[in-house]
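File shown: run_9.cif. Contents: mmCIF, C-alpha atoms and all ligand atoms.
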```cif
data_data
#
loop_
_atom_site.label_atom_id
_atom_site.label_comp_id
_atom_site.auth_asym_id
_atom_site.auth_seq_id
_atom_site.Cartn_x
_atom_site.Cartn_y
_atom_site.Cartn_z
CA MET F 2 15.94 -6.19 -17.82
CA GLY F 3 13.04 -5.12 -15.67
CA GLN F 4 13.09 -2.16 -13.35
CA ILE F 5 11.19 -0.30 -10.67
CA VAL F 6 10.07 2.90 -12.37
CA GLN F 7 7.72 4.23 -9.69
CA ALA F 8 7.38 3.80 -5.93
CA ALA F 9 4.95 5.36 -3.50
CA LYS F 10 3.39 5.06 -0.10
CA ILE F 11 -0.34 5.47 -0.58
CA THR F 12 -3.55 5.79 1.40
CA HIS F 13 -6.60 3.59 0.83
CA VAL F 14 -9.13 4.83 3.40
CA PRO F 15 -12.77 3.98 2.67
CA THR F 16 -13.76 7.61 3.28
CA ILE F 17 -12.24 8.20 -0.18
CA TRP F 18 -14.96 5.95 -1.61
CA MET F 19 -17.59 7.82 0.44
CA SER F 20 -16.23 11.10 -0.91
CA HIS F 21 -16.53 9.70 -4.42
CA THR F 22 -19.93 8.02 -4.19
CA ILE F 23 -22.07 9.63 -1.47
CA GLU F 24 -23.45 13.12 -2.03
CA LYS F 25 -23.21 14.06 1.66
CA TYR F 26 -19.47 13.37 1.70
CA LYS F 27 -18.55 14.78 -1.72
CA GLY F 28 -15.18 16.50 -1.62
CA MET F 29 -14.23 15.19 1.82
CA ARG F 30 -11.24 13.26 0.43
CA GLN F 31 -10.65 15.24 -2.76
CA PRO F 32 -6.91 15.72 -1.97
CA ALA F 33 -6.50 11.93 -1.89
CA ILE F 34 -8.43 11.51 -5.15
CA ASP F 35 -6.27 14.26 -6.70
CA GLY F 36 -3.17 12.47 -5.39
CA TYR F 37 -4.26 9.23 -7.04
CA ALA F 38 -4.68 11.13 -10.32
CA LYS F 39 -1.09 12.38 -10.05
CA ILE F 40 0.19 8.84 -9.35
CA ARG F 41 -1.79 7.59 -12.34
CA ALA F 42 -0.39 10.29 -14.64
CA ALA F 43 3.16 9.56 -13.47
CA ALA F 44 2.65 5.81 -13.97
CA LEU F 45 1.38 6.31 -17.50
CA ALA F 46 4.26 8.70 -18.27
CA ALA F 47 6.74 6.13 -16.92
CA LYS F 48 5.13 3.43 -19.10
CA VAL F 49 4.43 1.17 -16.14
CA ASP F 50 3.57 -2.42 -17.16
CA THR F 51 2.59 -3.73 -13.73
CA PHE F 52 1.45 -2.37 -10.39
CA VAL F 53 2.72 -4.43 -7.46
CA VAL F 54 0.68 -3.51 -4.38
CA PHE F 55 1.68 -4.41 -0.82
CA ASP F 56 -1.81 -4.61 0.66
CA THR F 57 -2.27 -4.23 4.44
CA HIS F 58 -5.85 -5.49 4.10
CA TRP F 59 -4.81 -8.83 2.63
CA ILE F 60 -3.53 -10.03 5.98
CA VAL F 61 -1.96 -13.48 6.20
CA ASN F 62 -0.61 -15.45 9.15
CA GLN F 63 2.10 -17.61 7.60
CA GLY F 64 4.67 -16.94 4.90
CA PHE F 65 4.34 -14.55 1.96
CA HIS F 66 1.52 -14.71 -0.57
CA LEU F 67 0.97 -13.23 -4.02
CA ASN F 68 -2.19 -13.17 -6.09
CA SER F 69 -0.94 -14.47 -9.41
CA LYS F 70 -4.28 -14.77 -11.20
CA PRO F 71 -4.20 -13.81 -14.88
CA ARG F 72 -7.26 -11.61 -14.35
CA HIS F 73 -8.72 -9.91 -11.27
CA LYS F 74 -12.42 -9.38 -11.80
CA GLY F 75 -15.34 -9.05 -9.41
CA ASN F 76 -17.51 -6.84 -7.27
CA PHE F 77 -16.35 -5.78 -3.82
CA ILE F 78 -17.84 -4.93 -0.47
CA SER F 79 -15.63 -4.41 2.59
CA HIS F 80 -16.46 -6.80 5.41
CA GLU F 81 -14.58 -4.51 7.83
CA LEU F 82 -16.43 -1.31 6.97
CA PRO F 83 -19.43 -2.32 4.86
CA HIS F 84 -21.22 0.96 5.58
CA MET F 85 -18.35 2.86 4.00
CA LEU F 86 -17.27 0.78 1.02
CA SER F 87 -19.46 -1.34 -1.24
CA ASP F 88 -20.49 -1.78 -4.87
CA MET F 89 -16.99 -1.47 -6.27
CA ALA F 90 -16.67 -3.31 -9.58
CA TYR F 91 -13.16 -4.18 -10.70
CA ASP F 92 -11.44 -5.78 -13.66
CA TYR F 93 -7.66 -5.78 -14.06
CA GLU F 94 -5.22 -7.96 -15.90
CA GLY F 95 -2.87 -9.91 -13.63
CA ASP F 96 0.80 -10.77 -14.07
CA ALA F 97 1.48 -14.46 -13.43
CA GLU F 98 4.92 -14.27 -15.05
CA LEU F 99 6.33 -11.56 -12.78
CA SER F 100 4.61 -13.12 -9.78
CA ALA F 101 6.41 -16.45 -10.42
CA LEU F 102 9.79 -14.70 -10.64
CA ILE F 103 9.17 -12.87 -7.35
CA VAL F 104 8.12 -16.13 -5.64
CA GLU F 105 11.32 -17.76 -6.87
CA GLU F 106 13.56 -14.94 -5.66
CA VAL F 107 11.88 -14.74 -2.25
CA ARG F 108 12.33 -18.51 -1.87
CA ASN F 109 15.99 -18.11 -2.80
CA LYS F 110 16.27 -15.93 0.30
CA GLY F 111 15.03 -18.81 2.42
CA HIS F 112 11.45 -17.58 2.89
CA ARG F 113 8.21 -19.33 2.17
CA ALA F 114 6.44 -17.63 -0.73
CA LEU F 115 3.35 -18.81 -2.59
CA GLY F 116 1.54 -17.55 -5.67
CA HIS F 117 -2.19 -18.21 -5.90
CA ASN F 118 -4.37 -18.74 -8.92
CA HIS F 119 -7.50 -20.08 -7.22
CA PRO F 120 -10.67 -18.88 -8.96
CA ASP F 121 -12.20 -17.83 -5.62
CA MET F 122 -9.21 -15.69 -4.64
CA GLY F 123 -10.48 -12.10 -4.44
CA VAL F 124 -8.68 -8.80 -3.94
CA GLU F 125 -8.88 -6.60 -0.84
CA TYR F 126 -9.56 -2.89 -0.75
CA GLY F 127 -6.01 -1.89 0.12
CA THR F 128 -5.43 -2.73 -3.54
CA LEU F 129 -8.84 -2.14 -5.08
CA LEU F 130 -9.55 1.35 -3.79
CA PRO F 131 -6.30 2.91 -5.09
CA MET F 132 -6.52 0.86 -8.31
CA TYR F 133 -10.03 2.20 -8.95
CA PHE F 134 -8.58 5.68 -9.27
CA ILE F 135 -5.05 4.92 -10.47
CA ASN F 136 -5.62 2.05 -12.91
CA GLU F 137 -9.25 2.25 -14.06
CA GLY F 138 -9.32 1.77 -17.80
CA ALA F 139 -5.52 1.84 -17.99
CA PRO F 140 -3.74 -1.13 -19.55
CA ILE F 141 -1.57 -1.83 -16.51
CA ARG F 142 -1.31 -5.29 -14.95
CA LEU F 143 -1.72 -5.91 -11.25
CA ILE F 144 -0.16 -8.15 -8.60
CA PRO F 145 -1.70 -7.85 -5.13
CA ILE F 146 0.72 -8.96 -2.42
CA ALA F 147 -0.37 -9.92 1.09
CA THR F 148 1.16 -8.61 4.29
CA ASN F 149 1.91 -11.04 7.12
CA GLN F 150 0.79 -9.79 10.53
CA PHE F 151 3.27 -12.06 12.31
CA SER F 152 6.31 -11.28 10.17
CA SER F 153 9.15 -9.11 11.44
CA ILE F 154 10.20 -5.84 9.83
CA ASP F 155 13.47 -7.52 8.88
CA GLU F 156 11.71 -10.43 7.13
CA CYS F 157 9.66 -7.89 5.19
CA ARG F 158 12.84 -6.04 4.22
CA GLN F 159 14.21 -9.32 2.82
CA PHE F 160 10.92 -10.01 1.06
CA GLY F 161 11.19 -6.58 -0.57
CA GLU F 162 14.70 -7.44 -1.77
CA GLY F 163 13.27 -10.59 -3.35
CA VAL F 164 10.60 -8.51 -5.08
CA ALA F 165 13.28 -6.22 -6.53
CA LYS F 166 15.28 -9.23 -7.80
CA GLY F 167 12.21 -10.75 -9.40
CA ILE F 168 11.44 -7.46 -11.13
CA GLU F 169 15.04 -7.21 -12.32
CA ARG F 170 14.78 -10.63 -14.00
CA SER F 171 11.50 -9.73 -15.69
CA GLY F 172 11.19 -7.40 -18.64
CA ARG F 173 8.68 -5.33 -16.72
CA ARG F 174 8.55 -1.67 -15.81
CA VAL F 175 7.01 -1.82 -12.36
CA SER F 176 5.28 0.56 -9.98
CA LEU F 177 5.56 -0.49 -6.33
CA LEU F 178 2.80 0.79 -4.07
CA ALA F 179 2.82 0.35 -0.29
CA SER F 180 -0.85 0.62 0.59
CA GLY F 181 -1.21 1.38 4.26
CA SER F 182 -1.44 4.15 6.79
CA LEU F 183 1.16 5.83 8.98
CA SER F 184 -0.14 5.67 12.58
CA HIS F 185 -3.25 3.50 12.76
CA THR F 186 -5.20 3.95 15.98
CA PHE F 187 -8.93 3.91 15.29
CA TRP F 188 -11.27 5.85 17.57
CA PRO F 189 -13.39 4.05 20.12
CA ASN F 190 -17.00 3.61 18.93
CA ASN F 191 -18.37 6.64 20.79
CA LEU F 192 -15.89 8.97 19.05
CA SER F 193 -15.75 7.31 15.63
CA VAL F 194 -18.26 9.59 13.85
CA ALA F 195 -16.98 12.88 15.30
CA GLY F 196 -13.36 11.87 14.68
CA VAL F 197 -13.71 10.94 11.02
CA ASN F 198 -11.22 13.63 9.92
CA MET F 199 -8.85 13.46 12.88
CA VAL F 200 -5.78 11.53 13.97
CA ASN F 201 -6.28 9.71 17.26
CA GLY F 202 -3.78 11.31 19.62
CA GLU F 203 -1.14 14.03 19.48
CA PHE F 204 1.62 11.46 20.01
CA ASN F 205 0.66 9.63 16.83
CA ARG F 206 0.23 12.89 14.90
CA GLN F 207 3.63 14.22 15.95
CA MET F 208 5.34 10.91 15.18
CA ASP F 209 3.78 10.80 11.71
CA LEU F 210 4.81 14.39 10.97
CA ARG F 211 8.37 13.71 12.08
CA VAL F 212 8.51 10.57 9.96
CA LEU F 213 7.40 12.57 6.93
CA GLU F 214 10.22 15.05 7.63
CA LEU F 215 12.68 12.14 7.68
CA TRP F 216 11.30 10.87 4.38
CA GLN F 217 11.40 14.31 2.73
CA THR F 218 14.99 14.85 3.80
CA GLY F 219 16.09 11.33 2.85
CA LYS F 220 17.05 10.22 6.35
CA TRP F 221 16.45 6.54 5.61
CA ALA F 222 19.06 5.18 8.02
CA GLU F 223 17.26 6.91 10.88
CA PHE F 224 13.83 5.89 9.65
CA THR F 225 14.64 2.21 9.07
CA GLU F 226 16.28 2.10 12.51
CA MET F 227 13.13 3.40 14.19
CA LEU F 228 10.58 1.55 12.03
CA PRO F 229 10.01 -1.43 14.37
CA ASP F 230 9.39 0.92 17.34
CA TYR F 231 7.28 3.29 15.25
CA ALA F 232 5.13 0.38 14.04
CA ALA F 233 4.64 -0.94 17.57
CA LYS F 234 4.03 2.37 19.36
CA CYS F 235 1.76 3.91 16.72
CA ASP F 236 -0.31 0.76 16.03
CA GLY F 237 1.09 0.38 12.50
CA GLU F 238 -1.40 -1.04 10.03
CA CYS F 239 -0.46 -4.72 9.78
CA GLY F 240 2.72 -3.73 11.61
CA MET F 241 3.77 -1.29 8.83
CA THR F 242 4.90 -4.34 6.90
CA ASP F 243 3.95 -2.64 3.62
CA THR F 244 6.44 0.15 4.31
CA ALA F 245 9.15 -2.38 5.21
CA MET F 246 8.53 -4.34 1.99
CA LEU F 247 8.68 -1.18 -0.13
CA LEU F 248 11.89 0.08 1.46
CA GLY F 249 13.41 -3.41 1.23
CA ALA F 250 12.82 -3.28 -2.52
CA LEU F 251 14.29 0.23 -2.78
CA GLY F 252 17.50 -0.58 -0.90
CA TRP F 253 16.52 0.05 2.74
CA ASP F 254 18.95 2.44 4.44
CA SER F 255 20.98 2.85 1.24
CA TYR F 256 17.96 4.25 -0.64
CA ARG F 257 18.82 7.85 -1.56
CA GLY F 258 15.52 9.33 -2.71
CA LYS F 259 13.75 12.19 -0.99
CA GLY F 260 10.05 11.69 -0.42
CA GLU F 261 7.72 14.03 -2.31
CA ILE F 262 4.34 14.73 -0.73
CA VAL F 263 1.61 14.05 -3.29
CA THR F 264 -1.37 14.25 -0.91
CA PRO F 265 -0.69 16.15 2.32
CA TYR F 266 -1.00 14.32 5.64
CA PHE F 267 -4.57 13.95 6.87
CA GLY F 268 -6.48 12.17 9.62
CA SER F 269 -9.12 9.60 8.77
CA SER F 270 -11.15 7.77 11.43
CA GLY F 271 -8.22 8.21 13.84
CA THR F 272 -5.47 7.03 11.47
CA GLY F 273 -2.70 9.09 9.84
CA GLN F 274 -2.80 9.08 6.04
CA VAL F 275 -0.69 10.42 3.20
CA ILE F 276 0.45 9.83 -0.36
CA VAL F 277 4.22 10.16 -0.83
CA ASN F 278 6.14 9.56 -4.03
CA LEU F 279 9.54 7.93 -3.47
CA PRO F 280 11.66 8.83 -6.52
CA VAL F 281 13.51 5.96 -8.18
FE FE F 301 -6.48 0.28 5.95
#
```

Could you rewrite the structure in this file as structure tokens?
Ligand SMILES: [Fe+2]
Amino acid sequence: MGQIVQAAKITHVPTIWMSHTIEKYKGMRQPAIDGYAKIRAAALAAKVDTFVVFDTHWIVNQGFHLNSKPRHKGNFISHELPHMLSDMAYDYEGDAELSALIVEEVRNKGHRALGHNHPDMGVEYGTLLPMYFINEGAPIRLIPIATNQFSSIDECRQFGEGVAKGIERSGRRVSLLASGSLSHTFWPNNLSVAGVNMVNGEFNRQMDLRVLELWQTGKWAEFTEMLPDYAAKCDGECGMTDTAMLLGALGWDSYRGKGEIVTPYFGSSGTGQVIVNLPV
């Protein structure tokens, strides 16, 4: 029987790539790169077969979509922030078998789920950037999962339950990664360069810090109750659907883990970022 052996909320900001590739920015996001290294080490220690990534940059408008290609291979440039993220080569094995089981279980819950194996289907940087550091050269399969910008938090909770059921039916040891920010209010153009390392607004910053306290103390009933408001009021990245999917898979308000900070909270281009391990 398959199982979830790792779960984490992770950052994917392009400034990490700048920190890695551009001399001028070297070290700027070292704590995030170090955090990825810790997630990688834990995944290898847990003998993870497959990374399932809820990607807030693969944004869809209808239903739920999985990239079920047997191999993810290409070269990436971000169309959103091409000056920050380009020339990223990738090559990961996919997991069509687990993807099909997840699709089936999500459909059993009455939702529309589709797996895609089209040769032109690429992967977005919400998946690729973390995978570059966490899965480069490691023999771990990958399923990128889209987030639906028009879905409700409750639909995403149910989707997450379907993911957990699919994993259970597989023989896989799975790492679930919710790839998205906490608050997500970019700076206006005239402040975007100066604000590269800051969170846009004290309200957002305080909300994010309080949320991290709730996670670290395992107050999941409180957090799941406030998640729809938090997502709306703090401009959640794709509505914080990645977080809802992850918690849905972990049991929602009955999840009992206490979040462990892997990379401390930081501001990036106005958004609030973190890496938190959610013990399973
Ligand atoms: Fe993002």

Within 7 Å of ligand FE 301 (chain F), which residues of chain F come that close, and what is the closest atom pair and distance in Å for each? Count only C-alpha atoms and all ligand atoms and give it as JSON lines.
```
{"residue": "F:His13", "atom": "CA", "partner": "F:FE301", "partner_atom": "FE", "distance": 6.1}
{"residue": "F:Val14", "atom": "CA", "partner": "F:FE301", "partner_atom": "FE", "distance": 5.9}
{"residue": "F:Thr57", "atom": "CA", "partner": "F:FE301", "partner_atom": "FE", "distance": 6.4}
{"residue": "F:His58", "atom": "CA", "partner": "F:FE301", "partner_atom": "FE", "distance": 6.1}
{"residue": "F:Gly127", "atom": "CA", "partner": "F:FE301", "partner_atom": "FE", "distance": 6.2}
{"residue": "F:Gly181", "atom": "CA", "partner": "F:FE301", "partner_atom": "FE", "distance": 5.6}
{"residue": "F:Ser182", "atom": "CA", "partner": "F:FE301", "partner_atom": "FE", "distance": 6.4}
{"residue": "F:Glu238", "atom": "CA", "partner": "F:FE301", "partner_atom": "FE", "distance": 6.6}
```

Resulting file, chosen residues, C-alpha atoms, as a short mmCIF file (atom, residue, chain, number, x, y, z; two decimals), in the coordinates of the input:
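Produced file out09.cif, reproduced below:
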```
data_model
loop_
_atom_site.label_atom_id
_atom_site.label_comp_id
_atom_site.auth_asym_id
_atom_site.auth_seq_id
_atom_site.Cartn_x
_atom_site.Cartn_y
_atom_site.Cartn_z
CA HIS F 13 -6.60 3.59 0.83
CA VAL F 14 -9.13 4.83 3.40
CA THR F 57 -2.27 -4.23 4.44
CA HIS F 58 -5.85 -5.49 4.10
CA GLY F 127 -6.01 -1.89 0.12
CA GLY F 181 -1.21 1.38 4.26
CA SER F 182 -1.44 4.15 6.79
CA GLU F 238 -1.40 -1.04 10.03
#
```

request  = For atom CA of F:Ala101 and atom CA of F:Gly64, determine how far apart the two atoms are, in Å to one decimal place.
outcome  = 15.4 Å

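The residues that lie within 8 Å of the point (-5.0, 9.4, 13.4), counting all atoms listed in the file, are Ser184, His185, Thr186, Phe187, Met199, Val200, Asn201, Gly202, Asn205, Arg206, Phe267, Gly268, Ser269, Ser270, Gly271, Thr272, Gly273 and Gln274 of chain F.
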
ask   = Could you name the residues that touch F:Trp221 at 7 Å or less, counting only C-alpha atoms, but leaving out those on the same chain fewer than 3 positions away, as a PyMOL selection string?
value = chain F and resi 216+224-225+254+256

query = Near F:Ser153, counting all atoms listed in the file, which residues have an atom at most 8 Å away, once you skip same-chain residues fewer than 3 positions from it, shown as an NGL selection string?
reply = :F and (156-157 or 242)

request  = Give as a ChimeraX atom specification the set of residues within 12 Å of the point (-5.7, -10.8, -1.9), where distances use the file's coordinates and only C-alpha atoms.
outcome  = /F:53-61,65-70,73,77,116-129,143-149

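As for atom CA of F:Val6 and atom CA of F:Glu169, they are spaced 11.3 Å apart.
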
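One distance worth recording is that between atom CA of F:Thr218 and atom CA of F:Leu178, which is 20.2 Å.
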
key: Close residues, stretch 15-19 of chain F itself excluded, 10 Å, all atoms listed in the file, min 4 positions apart in chain, as number ranges by chain   = F: 23-34, 79, 82-87, 89, 126-127, 130-131, 133-134, 197-198, 269-270

Put those residues in a file: C-alpha atoms, as a short mmCIF file (atom, residue, chain, number, x, y, z; two decimals), keeping the file's coordinate frame.
```cif
data_model
loop_
_atom_site.label_atom_id
_atom_site.label_comp_id
_atom_site.auth_asym_id
_atom_site.auth_seq_id
_atom_site.Cartn_x
_atom_site.Cartn_y
_atom_site.Cartn_z
CA ILE F 23 -22.07 9.63 -1.47
CA GLU F 24 -23.45 13.12 -2.03
CA LYS F 25 -23.21 14.06 1.66
CA TYR F 26 -19.47 13.37 1.70
CA LYS F 27 -18.55 14.78 -1.72
CA GLY F 28 -15.18 16.50 -1.62
CA MET F 29 -14.23 15.19 1.82
CA ARG F 30 -11.24 13.26 0.43
CA GLN F 31 -10.65 15.24 -2.76
CA PRO F 32 -6.91 15.72 -1.97
CA ALA F 33 -6.50 11.93 -1.89
CA ILE F 34 -8.43 11.51 -5.15
CA SER F 79 -15.63 -4.41 2.59
CA LEU F 82 -16.43 -1.31 6.97
CA PRO F 83 -19.43 -2.32 4.86
CA HIS F 84 -21.22 0.96 5.58
CA MET F 85 -18.35 2.86 4.00
CA LEU F 86 -17.27 0.78 1.02
CA SER F 87 -19.46 -1.34 -1.24
CA MET F 89 -16.99 -1.47 -6.27
CA TYR F 126 -9.56 -2.89 -0.75
CA GLY F 127 -6.01 -1.89 0.12
CA LEU F 130 -9.55 1.35 -3.79
CA PRO F 131 -6.30 2.91 -5.09
CA TYR F 133 -10.03 2.20 -8.95
CA PHE F 134 -8.58 5.68 -9.27
CA VAL F 197 -13.71 10.94 11.02
CA ASN F 198 -11.22 13.63 9.92
CA SER F 269 -9.12 9.60 8.77
CA SER F 270 -11.15 7.77 11.43
#
```

remark   = Shortest contact to F:Met132, candidates F:Met241, F:Ala44, F:Val263, F:Val107, atoms counted all atoms listed in the file, goes to F:Ala44

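Of the residues under consideration (F:Thr12, F:Ser100, F:Gln4, F:Asn190), F:Gln4 shows the shortest atom-to-atom contact distance to F:Arg173 when counting only C-alpha atoms.
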
Using all atoms of stretch 94-106 of chain F that appear in the file, construct an axis-aligned enclosing box with 4 Å of padding on every side and provide its centre coordinates and edge lengths in Å, rounded to one decimal, as lines of an AutoDock Vina configuration file.
```
center_x = 4.2
center_y = -12.9
center_z = -10.8
size_x = 26.8
size_y = 17.8
size_z = 18.3
```

query = For F:Ile40, which residue among F:Ala9, F:Asn109, F:Gly75, F:Ser20 is the nearest when counting only C-alpha atoms?
reply = F:Ala9

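In this comparison, which uses only C-alpha atoms, the residue of F:Asp96, F:Ile276, F:Ala42, F:Glu106 approaching F:Glu137 most closely is F:Ala42.
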
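For the set F:Asn136, F:Asp35, F:Gly163, F:Cys239, the residue with the smallest atom-to-atom gap to F:His21 is F:Asp35, counting all atoms listed in the file.
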
Some atoms are absent from stretch 168-188 of chain F, so rebuild N, CA and C atoms and return them as an mmCIF file, in the frame of the given file.
```cif
data_model
loop_
_atom_site.group_PDB
_atom_site.id
_atom_site.type_symbol
_atom_site.label_atom_id
_atom_site.label_comp_id
_atom_site.auth_asym_id
_atom_site.auth_seq_id
_atom_site.Cartn_x
_atom_site.Cartn_y
_atom_site.Cartn_z
ATOM 1 N N ILE F 168 11.730 -8.510 -10.133
ATOM 2 C CA ILE F 168 11.440 -7.460 -11.130
ATOM 3 C C ILE F 168 12.630 -7.316 -12.090
ATOM 4 N N GLU F 169 13.821 -7.338 -11.513
ATOM 5 C CA GLU F 169 15.040 -7.210 -12.320
ATOM 6 C C GLU F 169 15.100 -8.292 -13.402
ATOM 7 N N ARG F 170 14.717 -9.511 -13.042
ATOM 8 C CA ARG F 170 14.780 -10.630 -14.000
ATOM 9 C C ARG F 170 13.674 -10.562 -15.044
ATOM 10 N N SER F 171 12.617 -9.825 -14.742
ATOM 11 C CA SER F 171 11.500 -9.730 -15.690
ATOM 12 C C SER F 171 11.830 -8.637 -16.711
ATOM 13 N N GLY F 172 10.997 -8.524 -17.715
ATOM 14 C CA GLY F 172 11.190 -7.400 -18.640
ATOM 15 C C GLY F 172 10.310 -6.222 -18.258
ATOM 16 N N ARG F 173 9.746 -6.263 -17.079
ATOM 17 C CA ARG F 173 8.680 -5.330 -16.720
ATOM 18 C C ARG F 173 9.173 -3.990 -16.179
ATOM 19 N N ARG F 174 8.400 -2.960 -16.473
ATOM 20 C CA ARG F 174 8.550 -1.670 -15.810
ATOM 21 C C ARG F 174 7.473 -1.626 -14.732
ATOM 22 N N VAL F 175 7.920 -1.543 -13.476
ATOM 23 C CA VAL F 175 7.010 -1.820 -12.360
ATOM 24 C C VAL F 175 6.831 -0.602 -11.460
ATOM 25 N N SER F 176 5.597 -0.419 -11.020
ATOM 26 C CA SER F 176 5.280 0.560 -9.980
ATOM 27 C C SER F 176 5.019 -0.207 -8.691
ATOM 28 N N LEU F 177 5.752 0.145 -7.634
ATOM 29 C CA LEU F 177 5.560 -0.490 -6.330
ATOM 30 C C LEU F 177 4.761 0.448 -5.438
ATOM 31 N N LEU F 178 3.650 -0.037 -4.923
ATOM 32 C CA LEU F 178 2.800 0.790 -4.070
ATOM 33 C C LEU F 178 2.632 0.128 -2.710
ATOM 34 N N ALA F 179 3.052 0.829 -1.658
ATOM 35 C CA ALA F 179 2.820 0.350 -0.290
ATOM 36 C C ALA F 179 1.514 0.965 0.173
ATOM 37 N N SER F 180 0.495 0.125 0.286
ATOM 38 C CA SER F 180 -0.850 0.620 0.590
ATOM 39 C C SER F 180 -1.157 0.401 2.064
ATOM 40 N N GLY F 181 -0.954 1.469 2.828
ATOM 41 C CA GLY F 181 -1.210 1.380 4.260
ATOM 42 C C GLY F 181 -1.046 2.741 4.895
ATOM 43 N N SER F 182 -1.478 2.849 6.139
ATOM 44 C CA SER F 182 -1.440 4.150 6.790
ATOM 45 C C SER F 182 -0.097 4.385 7.466
ATOM 46 N N LEU F 183 0.050 5.572 8.059
ATOM 47 C CA LEU F 183 1.160 5.830 8.980
ATOM 48 C C LEU F 183 0.663 5.312 10.330
ATOM 49 N N SER F 184 0.436 6.181 11.330
ATOM 50 C CA SER F 184 -0.140 5.670 12.580
ATOM 51 C C SER F 184 -1.549 5.136 12.292
ATOM 52 N N HIS F 185 -1.998 4.207 13.113
ATOM 53 C CA HIS F 185 -3.250 3.500 12.760
ATOM 54 C C HIS F 185 -4.046 3.143 14.015
ATOM 55 N N THR F 186 -4.409 4.181 14.779
ATOM 56 C CA THR F 186 -5.200 3.950 15.980
ATOM 57 C C THR F 186 -6.628 4.452 15.735
ATOM 58 N N PHE F 187 -7.528 3.529 15.502
ATOM 59 C CA PHE F 187 -8.930 3.910 15.290
ATOM 60 C C PHE F 187 -9.505 4.510 16.571
ATOM 61 N N TRP F 188 -10.566 5.300 16.413
ATOM 62 C CA TRP F 188 -11.270 5.850 17.570
ATOM 63 C C TRP F 188 -12.127 4.775 18.219
#
```
